[in-house]
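Asker: Contents are mmCIF, C-alpha atoms; file name query.cif:
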```
data_query
loop_
_atom_site.label_atom_id
_atom_site.label_comp_id
_atom_site.auth_asym_id
_atom_site.auth_seq_id
_atom_site.Cartn_x
_atom_site.Cartn_y
_atom_site.Cartn_z
CA MET A 383 72.09 77.43 125.56
CA ASN A 384 74.44 79.48 123.40
CA GLN A 385 72.90 81.66 120.72
CA PRO A 386 73.66 80.04 117.30
CA LEU A 387 76.37 81.99 115.52
CA LEU A 388 77.23 79.95 112.47
CA ASP A 389 79.10 81.53 109.56
CA THR A 390 76.18 82.92 107.61
CA ASP A 391 78.29 85.99 106.86
CA LEU A 392 80.96 84.22 104.80
CA SER A 393 80.62 81.24 102.53
CA PHE A 394 82.47 79.62 99.64
CA THR A 395 80.98 78.36 96.39
CA GLN A 396 83.20 76.01 94.41
CA GLY A 397 83.32 76.41 90.66
CA THR A 398 85.37 74.35 88.20
CA ALA A 399 87.60 71.61 89.62
CA LEU A 400 91.05 71.38 88.08
CA SER A 401 90.86 67.60 88.42
CA GLU A 402 88.45 67.70 85.47
CA GLU A 403 91.50 68.57 83.36
CA LEU A 404 94.41 67.02 85.25
CA GLY A 405 92.73 64.03 86.88
CA GLU A 406 93.68 62.87 90.36
CA GLY A 407 97.35 63.84 90.14
CA PRO A 408 99.01 67.04 91.36
CA GLY A 409 95.97 69.15 90.44
CA LYS A 410 93.35 67.12 92.24
CA HIS A 411 92.56 69.93 94.72
CA GLY A 412 92.83 72.91 92.34
CA ARG A 413 89.57 74.75 91.68
CA THR A 414 87.88 78.04 91.01
CA GLY A 415 85.27 79.46 93.34
CA THR A 416 83.72 82.48 95.01
CA ILE A 417 84.24 83.68 98.57
CA HIS A 418 81.13 85.57 99.65
CA THR A 419 81.82 88.30 102.26
CA PRO A 420 79.66 91.08 103.74
CA HIS A 421 81.57 93.59 101.62
CA GLY A 422 81.52 91.77 98.29
CA ASP A 423 82.56 88.59 96.53
CA ILE A 424 86.10 87.41 95.78
CA GLN A 425 86.47 85.30 92.64
CA THR A 426 89.15 82.66 93.25
CA PRO A 427 91.98 81.99 92.68
CA ALA A 428 92.79 85.58 93.65
CA PHE A 429 95.89 87.57 94.52
CA ILE A 430 95.35 89.81 97.58
CA PRO A 431 97.63 92.90 97.73
CA VAL A 432 99.12 93.73 101.13
CA ALA A 433 98.08 97.03 102.73
CA THR A 434 100.29 96.58 105.79
CA LYS A 435 99.49 99.81 107.62
CA ALA A 436 96.05 100.33 106.07
CA THR A 437 97.68 101.37 102.80
CA VAL A 438 99.30 99.68 99.84
CA LYS A 439 102.47 101.75 99.86
CA THR A 440 102.47 104.59 97.29
CA LEU A 441 98.88 103.91 96.06
CA THR A 442 95.46 105.38 96.76
CA PRO A 443 92.52 102.97 97.14
CA GLU A 444 91.28 104.16 93.75
CA GLN A 445 94.59 103.14 92.18
CA ILE A 446 94.42 99.75 93.91
CA ARG A 447 90.99 99.18 92.40
CA MET A 448 92.38 100.16 89.00
CA THR A 449 94.72 97.16 89.15
CA GLY A 450 91.74 94.79 89.38
CA ALA A 451 92.42 93.77 93.00
CA GLN A 452 89.36 92.33 94.71
CA ALA A 453 90.46 92.55 98.37
CA ILE A 454 93.38 93.77 100.46
CA LEU A 455 95.15 92.47 103.58
CA SER A 456 96.31 94.64 106.47
CA ASN A 457 98.52 93.77 109.42
CA ALA A 458 97.28 93.58 113.02
CA TYR A 459 100.75 94.06 114.51
CA HIS A 460 101.49 97.32 112.73
CA LEU A 461 98.00 98.80 113.16
CA TYR A 462 98.02 97.87 116.86
CA LEU A 463 101.27 99.82 117.29
CA GLN A 464 100.10 102.75 115.16
CA PRO A 465 97.51 104.27 115.20
CA GLY A 466 95.91 101.68 117.51
CA HIS A 467 93.03 99.32 116.79
CA ASP A 468 90.74 101.47 118.94
CA VAL A 469 91.25 104.37 116.52
CA VAL A 470 90.49 102.16 113.51
CA ASP A 471 87.42 100.78 115.30
CA ALA A 472 86.14 104.30 115.99
CA ALA A 473 86.57 105.08 112.27
CA GLY A 474 84.24 102.22 111.36
CA GLY A 475 86.82 99.53 110.69
CA VAL A 476 89.84 99.25 108.44
CA ALA A 477 87.87 99.37 105.15
CA ALA A 478 86.19 102.66 106.05
CA PHE A 479 89.38 104.03 107.64
CA GLU A 480 91.36 103.61 104.41
CA ASN A 481 88.41 104.27 102.05
CA TRP A 482 88.58 100.81 100.47
CA HIS A 483 84.96 99.64 101.03
CA GLY A 484 85.60 96.14 99.69
CA PRO A 485 86.54 92.77 101.21
CA THR A 486 89.41 92.95 103.70
CA TYR A 487 91.71 90.55 105.52
CA THR A 488 93.86 91.09 108.60
CA ASP A 489 96.61 88.71 109.64
CA SER A 490 96.99 87.87 113.32
CA GLY A 491 100.22 89.74 113.95
CA GLY A 492 101.97 86.52 114.91
CA PHE A 493 104.23 86.53 111.87
CA GLN A 494 105.52 90.03 112.59
CA VAL A 495 105.70 89.60 116.37
CA MET A 496 108.05 86.64 115.94
CA SER A 497 109.74 87.14 112.57
CA LEU A 498 110.86 90.70 113.26
CA GLY A 499 112.72 89.40 116.29
CA VAL A 500 114.27 86.49 114.43
CA GLY A 501 115.52 88.49 111.48
CA PHE A 502 114.68 86.08 108.64
CA LYS A 503 113.48 87.42 105.33
CA LYS A 504 109.74 87.91 105.12
CA VAL A 505 108.73 85.24 102.67
CA LEU A 506 106.96 81.97 103.28
CA ALA A 507 108.98 79.82 100.88
CA MET A 508 112.74 79.81 101.20
CA ASP A 509 115.68 77.64 100.25
CA ALA A 510 117.42 76.10 103.26
CA SER A 511 120.72 76.34 101.39
CA GLU A 512 120.32 80.13 101.39
CA LEU A 513 120.39 80.30 105.18
CA SER A 514 123.74 81.77 106.14
CA GLU A 515 125.68 81.21 109.32
CA LYS A 516 124.48 84.68 110.31
CA ASP A 517 120.85 83.54 109.91
CA ILE A 518 121.43 80.50 112.06
CA ARG A 519 123.27 82.47 114.74
CA ALA A 520 120.43 84.99 114.79
CA ALA A 521 117.93 82.21 115.41
CA LYS A 522 119.92 81.01 118.40
CA LYS A 523 120.45 84.43 119.97
CA GLU A 524 118.08 86.00 122.44
CA ARG A 525 115.09 87.12 120.42
CA MET A 526 113.09 90.29 120.62
CA ALA A 527 110.06 87.96 120.82
CA LEU A 528 109.84 85.44 123.67
CA VAL A 529 107.24 82.67 123.38
CA ASP A 530 105.54 80.94 126.31
CA GLU A 531 102.36 78.89 126.64
CA ASP A 532 100.16 81.91 127.18
CA GLY A 533 101.50 84.14 124.39
CA VAL A 534 104.45 86.22 123.20
CA ASP A 535 106.37 89.11 124.75
CA PHE A 536 107.96 91.42 122.22
CA ARG A 537 109.35 94.90 121.71
CA SER A 538 107.93 97.45 119.33
CA ILE A 539 109.94 98.09 116.18
CA ILE A 540 108.89 101.74 116.50
CA ASP A 541 110.24 102.65 119.92
CA GLY A 542 111.37 99.43 121.62
CA SER A 543 108.51 99.50 124.13
CA LYS A 544 107.37 96.20 125.63
CA HIS A 545 104.15 94.53 124.52
CA ARG A 546 102.43 91.16 124.83
CA PHE A 547 100.22 89.31 122.35
CA THR A 548 98.06 86.37 123.35
CA PRO A 549 95.41 84.63 121.24
CA GLU A 550 92.80 86.69 123.06
CA VAL A 551 94.62 89.97 122.46
CA SER A 552 95.03 89.17 118.76
CA MET A 553 91.28 88.51 118.45
CA GLN A 554 90.44 91.73 120.29
CA ILE A 555 92.73 93.71 117.99
CA GLN A 556 91.38 92.10 114.83
CA HIS A 557 87.77 92.59 115.88
CA GLY A 558 88.61 96.24 116.46
CA LEU A 559 90.15 96.46 113.01
CA GLY A 560 86.90 95.08 111.61
CA ALA A 561 88.13 93.09 108.59
CA ASP A 562 85.89 90.50 106.95
CA ILE A 563 88.49 87.74 107.36
CA LEU A 564 90.71 87.27 110.43
CA PHE A 565 93.44 84.75 111.13
CA ALA A 566 94.02 82.81 114.33
CA PHE A 567 97.14 83.66 116.34
CA ASP A 568 99.84 81.10 115.58
CA GLU A 569 103.53 80.58 116.26
CA LEU A 570 106.00 81.21 113.45
CA THR A 571 108.76 78.62 113.20
CA THR A 572 111.77 78.56 110.87
CA LEU A 573 113.70 76.00 108.86
CA VAL A 574 116.41 75.88 111.53
CA ASP A 575 114.05 74.87 114.34
CA THR A 576 114.38 71.23 115.44
CA ARG A 577 111.82 68.52 114.82
CA GLN A 578 111.06 68.47 118.55
CA TYR A 579 110.42 72.22 118.59
CA GLN A 580 108.17 71.93 115.52
CA GLU A 581 106.11 69.28 117.36
CA GLU A 582 105.80 71.51 120.43
CA SER A 583 104.88 74.49 118.25
CA VAL A 584 102.14 72.64 116.35
CA ALA A 585 100.60 71.55 119.66
CA ARG A 586 100.83 75.08 121.07
CA THR A 587 99.33 76.61 117.91
CA HIS A 588 96.43 74.13 118.23
CA ARG A 589 95.78 75.25 121.81
CA TRP A 590 96.01 78.87 120.76
CA ALA A 591 93.53 78.22 117.92
CA LYS A 592 91.00 76.91 120.46
CA ARG A 593 91.45 80.07 122.51
CA CYS A 594 91.03 82.19 119.37
CA LEU A 595 87.71 80.48 118.60
CA ASP A 596 86.52 81.08 122.14
CA GLU A 597 87.52 84.76 122.12
CA HIS A 598 86.10 85.21 118.61
CA HIS A 599 82.77 83.98 119.97
CA ARG A 600 82.92 86.35 122.94
CA GLN A 601 83.83 89.31 120.75
CA THR A 602 81.04 88.54 118.29
CA LEU A 603 78.48 88.52 121.10
CA ALA A 604 79.92 91.65 122.70
CA ARG A 605 79.98 93.55 119.39
CA ALA A 606 76.43 92.81 118.26
CA GLY A 607 75.46 95.12 115.43
CA LYS A 608 78.97 95.24 113.97
CA PRO A 609 79.55 93.59 110.57
CA ARG A 610 80.14 89.88 111.03
CA GLN A 611 83.70 88.61 110.72
CA SER A 612 85.05 85.19 109.77
CA LEU A 613 87.97 83.61 111.66
CA TRP A 614 90.34 81.33 109.74
CA GLY A 615 92.67 78.79 111.36
CA VAL A 616 96.37 78.77 110.43
CA ILE A 617 98.11 75.48 109.64
CA GLN A 618 101.74 75.01 110.64
CA GLY A 619 104.05 71.96 110.67
CA ALA A 620 107.02 73.08 108.57
CA GLN A 621 108.04 70.40 106.02
CA TYR A 622 106.90 67.35 107.98
CA GLU A 623 103.98 65.51 106.41
CA ASP A 624 102.73 64.00 109.67
CA LEU A 625 102.80 67.38 111.45
CA ARG A 626 101.07 69.20 108.60
CA ARG A 627 98.31 66.58 108.46
CA GLN A 628 98.04 66.48 112.26
CA ALA A 629 97.77 70.26 112.44
CA THR A 630 95.11 70.35 109.71
CA ARG A 631 92.99 67.59 111.22
CA GLY A 632 93.21 69.24 114.62
CA LEU A 633 91.93 72.57 113.34
CA VAL A 634 89.12 70.93 111.38
CA GLU A 635 88.11 69.05 114.53
CA LEU A 636 88.10 72.26 116.59
CA SER A 637 85.94 73.93 113.94
CA ASN A 638 83.47 71.05 113.83
CA GLN A 639 83.21 70.99 117.61
CA ALA A 640 82.44 74.70 117.74
CA GLU A 641 79.75 74.41 115.09
CA ALA A 642 78.20 71.40 116.85
CA GLU A 643 77.87 73.64 119.93
CA GLY A 644 76.05 76.31 117.92
CA ARG A 645 79.10 78.58 117.79
CA ARG A 646 81.12 79.68 114.80
CA GLY A 647 83.92 77.48 113.55
CA PHE A 648 86.67 78.45 111.18
CA GLY A 649 85.31 80.06 108.02
CA GLY A 650 88.44 79.04 106.12
CA PHE A 651 92.07 78.09 106.65
CA GLY A 652 95.45 79.72 106.16
CA ILE A 653 98.58 77.77 105.24
CA GLY A 654 101.64 79.27 106.95
CA GLY A 655 105.13 78.46 108.14
CA ALA A 656 108.54 78.42 106.49
CA LEU A 657 109.12 75.82 103.81
CA GLU A 658 111.48 75.12 100.94
CA LYS A 659 110.29 76.34 97.57
CA GLU A 660 110.54 72.94 95.89
CA ASN A 661 108.21 71.43 98.51
CA LEU A 662 105.47 74.05 98.19
CA GLY A 663 103.04 72.07 96.05
CA THR A 664 103.55 68.87 98.03
CA ILE A 665 102.88 70.58 101.37
CA VAL A 666 99.81 72.47 100.13
CA GLY A 667 98.56 69.15 98.75
CA TRP A 668 98.98 67.40 102.11
CA VAL A 669 96.99 70.13 103.81
CA CYS A 670 94.22 70.20 101.21
CA ASP A 671 93.89 66.41 101.47
CA GLU A 672 92.61 67.01 105.00
CA LEU A 673 90.55 70.18 104.52
CA PRO A 674 86.81 70.30 103.80
CA LYS A 675 86.08 71.33 100.22
CA GLU A 676 83.45 73.86 101.30
CA LYS A 677 86.00 76.07 103.10
CA PRO A 678 88.42 78.45 101.29
CA ARG A 679 92.21 78.20 101.70
CA HIS A 680 94.64 81.11 101.86
CA LEU A 681 98.39 80.69 101.28
CA LEU A 682 100.34 83.24 103.27
CA GLY A 683 103.29 85.06 101.67
CA ILE A 684 103.49 83.69 98.10
CA SER A 685 103.74 85.66 94.83
CA GLU A 686 106.37 84.24 92.46
CA PRO A 687 104.61 83.14 89.24
CA ASP A 688 105.84 79.54 89.39
CA ASP A 689 104.74 79.30 93.02
CA LEU A 690 101.29 80.60 92.11
CA PHE A 691 100.76 77.95 89.43
CA THR A 692 102.02 75.25 91.78
CA ALA A 693 99.91 76.38 94.72
CA VAL A 694 96.72 76.78 92.69
CA ALA A 695 97.09 73.28 91.27
CA ALA A 696 97.64 71.94 94.80
CA GLY A 697 94.46 73.59 96.08
CA ALA A 698 95.16 77.12 97.37
CA ASP A 699 92.44 79.69 96.63
CA THR A 700 93.93 83.06 97.63
CA PHE A 701 97.43 84.48 98.20
CA ASP A 702 99.08 87.56 99.65
CA CYS A 703 102.64 88.83 99.51
CA VAL A 704 104.52 92.12 99.87
CA ALA A 705 107.07 91.14 97.20
CA PRO A 706 105.39 92.78 94.14
CA THR A 707 105.08 96.17 95.87
CA ARG A 708 108.45 96.04 97.63
CA LEU A 709 110.16 95.09 94.37
CA ALA A 710 108.38 97.91 92.55
CA ARG A 711 109.67 100.58 94.91
CA ARG A 712 113.20 99.46 94.06
CA GLY A 713 112.60 99.62 90.32
CA GLY A 714 111.87 95.94 89.71
CA VAL A 715 108.97 95.26 87.34
CA TYR A 716 107.32 92.13 85.98
CA THR A 717 107.04 91.49 82.24
CA LEU A 718 105.92 88.52 80.19
CA ASP A 719 109.62 87.85 79.53
CA GLY A 720 110.63 87.93 83.20
CA ARG A 721 111.60 90.62 85.70
CA MET A 722 113.43 93.81 84.74
CA THR A 723 115.26 96.31 86.93
CA LEU A 724 114.55 99.74 85.51
CA THR A 725 117.42 101.40 87.38
CA ASN A 726 119.83 99.70 84.98
CA ALA A 727 121.66 102.11 82.66
CA ARG A 728 120.39 100.39 79.52
CA PHE A 729 116.92 101.84 80.11
CA LYS A 730 118.05 105.48 80.09
CA ARG A 731 117.11 105.89 76.41
CA ASP A 732 114.58 103.07 76.12
CA PHE A 733 111.32 104.77 75.15
CA ALA A 734 109.22 101.60 74.94
CA GLY A 735 106.54 100.87 77.50
CA VAL A 736 107.43 98.56 80.38
CA ASP A 737 105.71 95.66 78.59
CA GLU A 738 103.73 96.80 75.56
CA GLU A 739 102.38 93.32 74.86
CA PHE A 740 101.00 93.05 78.39
CA GLY A 741 99.70 96.58 78.21
CA GLY A 742 98.00 98.08 81.24
CA TYR A 743 97.90 101.65 82.49
CA VAL A 744 101.63 102.13 83.04
CA SER A 745 102.89 100.40 79.89
CA ASN A 746 100.37 102.29 77.78
CA ASN A 747 101.27 105.72 79.18
CA TYR A 748 104.88 105.78 80.37
CA SER A 749 108.23 104.71 78.93
CA ARG A 750 110.98 102.71 80.54
CA ALA A 751 113.21 105.76 80.11
CA TYR A 752 110.79 107.93 82.09
CA LEU A 753 110.53 105.40 84.90
CA HIS A 754 114.34 105.05 84.90
CA HIS A 755 114.58 108.83 85.29
CA LEU A 756 112.07 108.90 88.16
CA LEU A 757 113.89 106.11 89.98
CA LYS A 758 117.29 107.74 89.58
CA ALA A 759 115.87 111.10 90.67
CA LYS A 760 114.25 109.38 93.68
CA GLU A 761 110.86 110.80 92.77
CA PHE A 762 107.93 109.29 94.68
CA LEU A 763 105.99 108.84 91.44
CA ALA A 764 108.44 106.07 90.49
CA GLY A 765 107.16 103.85 93.28
CA THR A 766 103.55 104.62 92.43
CA LEU A 767 103.84 103.75 88.74
CA CYS A 768 105.97 100.63 89.25
CA THR A 769 103.61 99.42 91.99
CA ILE A 770 100.53 99.91 89.81
CA HIS A 771 102.21 97.92 87.06
CA ASN A 772 103.31 95.04 89.30
CA LEU A 773 99.96 94.66 91.02
CA GLU A 774 98.13 94.80 87.70
CA PHE A 775 100.49 92.16 86.34
CA MET A 776 100.05 89.86 89.35
CA VAL A 777 96.28 90.28 89.58
CA ARG A 778 95.84 89.66 85.86
CA LEU A 779 98.12 86.60 86.00
CA VAL A 780 95.95 84.99 88.68
CA ASP A 781 92.79 86.07 86.82
CA ASN A 782 94.17 84.31 83.74
CA ILE A 783 94.93 81.20 85.80
CA ARG A 784 91.31 81.21 86.96
CA ALA A 785 90.08 81.58 83.37
CA SER A 786 92.37 78.74 82.24
CA ILE A 787 90.88 76.38 84.84
CA GLU A 788 87.35 77.31 83.83
CA GLY A 789 88.27 76.94 80.17
CA GLY A 790 90.07 73.61 80.57
CA TYR A 791 93.50 74.80 79.37
CA PHE A 792 95.39 75.29 82.65
CA SER A 793 98.33 73.07 81.64
CA GLU A 794 98.80 74.81 78.31
CA TYR A 795 98.63 78.26 79.87
CA ARG A 796 101.03 77.34 82.66
CA ASP A 797 103.59 75.84 80.29
CA GLU A 798 103.36 78.74 77.84
CA PHE A 799 103.61 81.44 80.51
CA MET A 800 106.40 79.83 82.53
CA GLY A 801 108.38 78.78 79.47
CA ARG A 802 108.54 82.41 78.39
CA TYR A 803 108.81 84.10 81.81
CA TYR A 804 111.66 81.92 82.98
CA ALA A 805 113.35 81.50 79.58
CA GLY A 806 116.44 83.42 80.69
CA LYS A 807 116.79 81.58 84.02
CA LYS A 808 118.38 78.35 82.96
#
```
Would you encode the structure as structure tokens?

Answerer:
Amino acid sequence: MNQPLLDTDLSFTQGTALSEELGEGPGKHGRTGTIHTPHGDIQTPAFIPVATKATVKTLTPEQIRMTGAQAILSNAYHLYLQPGHDVVDAAGGVAAFENWHGPTYTDSGGFQVMSLGVGFKKVLAMDASELSEKDIRAAKKERMALVDEDGVDFRSIIDGSKHRFTPEVSMQIQHGLGADILFAFDELTTLVDTRQYQEESVARTHRWAKRCLDEHHRQTLARAGKPRQSLWGVIQGAQYEDLRRQATRGLVELSNQAEAEGRRGFGGFGIGGALEKENLGTIVGWVCDELPKEKPRHLLGISEPDDLFTAVAAGADTFDCVAPTRLARRGGVYTLDGRMTLTNARFKRDFAGVDEEFGGYVSNNYSRAYLHHLLKAKEFLAGTLCTIHNLEFMVRLVDNIRASIEGGYFSEYRDEFMGRYYAGKK
């Protein structure tokens, strides 16, 4: 008889349902809630900054906390390559290693293993019309990552050395990294993959998810005394309703079977895969139709304000994306009136704060002219200040969305914010 190992370490408490305001339409799955982890609670909806290599680029953990972030997400692929998950494990896990000491996520590495070989841009939502002939040719060429039934062979982006990830290896790496929330190893597909390949990939990802659950169980037993970790399944299926629903039902069934056997099922679910931006809400809605309400849902790779409103209404609870920090290092900053690029010449003598109405640490202490100077001079402080501002903006936006659901004015807040933010993008 297996020792019972149900998910007593992570749970989700639902708060206000958006359907109380919007009825059973597009917002029928939207809600607030709380994810309870061994290292603290996450109030949802929540934006999760990406600390790819155990750091949010240019920021200290103290500065990340200053933005209001509740948790951070690190990448299994990059930390496996450098410094090695064994090093992070010896340090006490990724939270202790980077001095964060709050809730942490790690992704499975599957996205990077496959996407870095394909060469597509690293965002979940894309417009198929934006795919160039070069993109399509790249998808058809020999890839750096080669997928078979057992796993994926790939080459390191650091030195070109050969490596292999399987579901079991991904679980071993993520257990070594020690995050509160792990993701099952899945196969990344693209918008140029055929319907037949998408079908094969969904079936393969299902089989890999079963292997992840089994290895997660073995690792939990073998690492008794370590903080408990929660494994989340990842739902694929591209833009096909039947495949998305099939994939979701299959993962829920695997989870239920594991729990019936006294083992741990999926503590939550991730929504992944390439999709067109205009279909985001519809696809998240299909998935949430099939998911149990008592499990949290994480949308991988989303951060544009309109996407956040759409995804929250459709039922997503948490989000991660590198876009706010990557944009910041190039001088792009968010404001209530849309994005600005502070490298533009017009900011050379602009002594206003980045967004004085929004406020925040950077807007209250530094001028656009100063940030323009730092960016032009290629000073590292430019990336730090712009990153603090963008993360504070994104975290506060999602906090305000949560407050609007609880207060019953989500629609008004969405329309007011988006009408102003996108006013110049007609």

Asker: Choose the residue, out of A:Gln628, A:Thr398, A:Ser490, A:Gln611, that has the smallest atom-to-atom separation from Phe565 (chain A); count all atoms listed in the file.

Answerer: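 Nearest to Phe565 (chain A): A:Ser490.
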
Asker: List as a list of chain:residue names the protein and nucleic acid residues near Asp530 (chain A), meaning an atom at most 12 Å away when only C-alpha atoms are counted, but skip any in the same chain fewer than 6 places from it.

Answerer: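 Listed by chain and then number, they are A:Phe536, A:Arg546, A:Phe547, A:Thr548, A:Pro549, A:Glu569, A:Glu582, A:Ser583, A:Arg586, A:Thr587, A:Trp590.
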
Asker: Run the PyMOL selection byres ((chain A and resi 562) around 8) on the file and write out the hits as a ChimeraX atom specification.

Answerer: /A:419-421,485-487,560-561,563-564,609-612

Asker: Mind telling me what the PyMOL selection byres ((chain A and resi 459-463) around 7) catches here, as JSON, numbers by chain?

Answerer: {"A": [435, 457, 458, 464, 465, 466, 467, 491, 494, 495, 555]}

Asker: Suppose you want the space between CA of Val438 (chain A) and CA of Asp489 (chain A); what is it in Å?

Answerer: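 Distance between the two atoms: 15.0 Å.
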
Asker: Quick one: distance from CA of Glu798 (chain A) to CA of Thr723 (chain A) in Å, one decimal?

Answerer: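 Between CA of Glu798 (chain A) and CA of Thr723 (chain A) the gap is 23.1 Å.
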
Asker: For the provided coordinates, the residues matched by the PyMOL selection byres ((chain A and resi 601) around 12) should be stated as a PyMOL selection string.

Answerer: chain A and resi 387+550-558+560+594-600+602-613+646

Asker: Show me, as a PDB file with C-alpha atoms, keeping the file's coordinate frame, the residues that have an atom within 12 Å of Trp668 (chain A) when counting all atoms listed in the file, minus same-chain residues fewer than 2 positions from it.

Answerer:
```
ATOM      1  CA  PRO A 408      99.010  67.040  91.360  1.00  0.00           C
ATOM      2  CA  LYS A 410      93.350  67.120  92.240  1.00  0.00           C
ATOM      3  CA  HIS A 411      92.560  69.930  94.720  1.00  0.00           C
ATOM      4  CA  ILE A 617      98.110  75.480 109.640  1.00  0.00           C
ATOM      5  CA  GLN A 618     101.740  75.010 110.640  1.00  0.00           C
ATOM      6  CA  GLY A 619     104.050  71.960 110.670  1.00  0.00           C
ATOM      7  CA  ALA A 620     107.020  73.080 108.570  1.00  0.00           C
ATOM      8  CA  GLN A 621     108.040  70.400 106.020  1.00  0.00           C
ATOM      9  CA  TYR A 622     106.900  67.350 107.980  1.00  0.00           C
ATOM     10  CA  GLU A 623     103.980  65.510 106.410  1.00  0.00           C
ATOM     11  CA  ASP A 624     102.730  64.000 109.670  1.00  0.00           C
ATOM     12  CA  LEU A 625     102.800  67.380 111.450  1.00  0.00           C
ATOM     13  CA  ARG A 626     101.070  69.200 108.600  1.00  0.00           C
ATOM     14  CA  ARG A 627      98.310  66.580 108.460  1.00  0.00           C
ATOM     15  CA  GLN A 628      98.040  66.480 112.260  1.00  0.00           C
ATOM     16  CA  ALA A 629      97.770  70.260 112.440  1.00  0.00           C
ATOM     17  CA  THR A 630      95.110  70.350 109.710  1.00  0.00           C
ATOM     18  CA  ARG A 631      92.990  67.590 111.220  1.00  0.00           C
ATOM     19  CA  ILE A 653      98.580  77.770 105.240  1.00  0.00           C
ATOM     20  CA  ASN A 661     108.210  71.430  98.510  1.00  0.00           C
ATOM     21  CA  LEU A 662     105.470  74.050  98.190  1.00  0.00           C
ATOM     22  CA  GLY A 663     103.040  72.070  96.050  1.00  0.00           C
ATOM     23  CA  THR A 664     103.550  68.870  98.030  1.00  0.00           C
ATOM     24  CA  ILE A 665     102.880  70.580 101.370  1.00  0.00           C
ATOM     25  CA  VAL A 666      99.810  72.470 100.130  1.00  0.00           C
ATOM     26  CA  CYS A 670      94.220  70.200 101.210  1.00  0.00           C
ATOM     27  CA  ASP A 671      93.890  66.410 101.470  1.00  0.00           C
ATOM     28  CA  GLU A 672      92.610  67.010 105.000  1.00  0.00           C
ATOM     29  CA  LEU A 673      90.550  70.180 104.520  1.00  0.00           C
ATOM     30  CA  ALA A 693      99.910  76.380  94.720  1.00  0.00           C
ATOM     31  CA  ALA A 696      97.640  71.940  94.800  1.00  0.00           C
ATOM     32  CA  GLY A 697      94.460  73.590  96.080  1.00  0.00           C
ATOM     33  CA  ALA A 698      95.160  77.120  97.370  1.00  0.00           C
TER      34      ALA A 698
END
```

Asker: Hey, could you pull the box centre and edge lengths for region 410-421 of chain A, axis-aligned, 5 Å padding per side, all listed atoms, to one decimal in Å, as AutoDock Vina command-line options?

Answerer:
```
--center_x 86.5 --center_y 80.4 --center_z 97.4 --size_x 23.7 --size_y 36.5 --size_z 22.7
```

Asker: Go through A:Phe567, A:Phe479, A:Phe775, A:Phe493 one by one, measure the shortest atom-to-atom distance of each to Gly655 (chain A) using all atoms listed in the file, and give the residue with the smallest value.

Answerer: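 Closest residue, counting all atoms listed in the file: A:Phe493.
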
Asker: What is the CA of His755 (chain A)-CA of Ala705 (chain A) distance in Å, reported with one decimal?

Answerer: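 If I compute the distance from CA of His755 (chain A) to CA of Ala705 (chain A), I get 22.6 Å.
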
Asker: So that I can check the surroundings of Val777 (chain A), please list as a short mmCIF file (atom, residue, chain, number, x, y, z; two decimals) with C-alpha atoms, in the coordinates of the input every protein, DNA and RNA residue that reaches within 9 Å of it, counting all atoms listed in the file and ignoring chain neighbours fewer than 4 positions away.

Answerer:
```cif
data_model
loop_
_atom_site.label_atom_id
_atom_site.label_comp_id
_atom_site.auth_asym_id
_atom_site.auth_seq_id
_atom_site.Cartn_x
_atom_site.Cartn_y
_atom_site.Cartn_z
CA ALA A 428 92.79 85.58 93.65
CA PHE A 429 95.89 87.57 94.52
CA ILE A 430 95.35 89.81 97.58
CA PRO A 431 97.63 92.90 97.73
CA THR A 449 94.72 97.16 89.15
CA GLY A 450 91.74 94.79 89.38
CA ALA A 451 92.42 93.77 93.00
CA GLN A 452 89.36 92.33 94.71
CA ASN A 772 103.31 95.04 89.30
CA LEU A 773 99.96 94.66 91.02
CA ASP A 781 92.79 86.07 86.82
CA ASN A 782 94.17 84.31 83.74
#
```

Asker: With a distance cut-off of 9 Å and all atoms listed in the file, select the neighbouring residues of Tyr795 (chain A), excluding the residue or stretch itself and same-chain residues fewer than 5 positions from it, and output the selection as a PyMOL selection string.

Answerer: chain A and resi 782-783+786+800
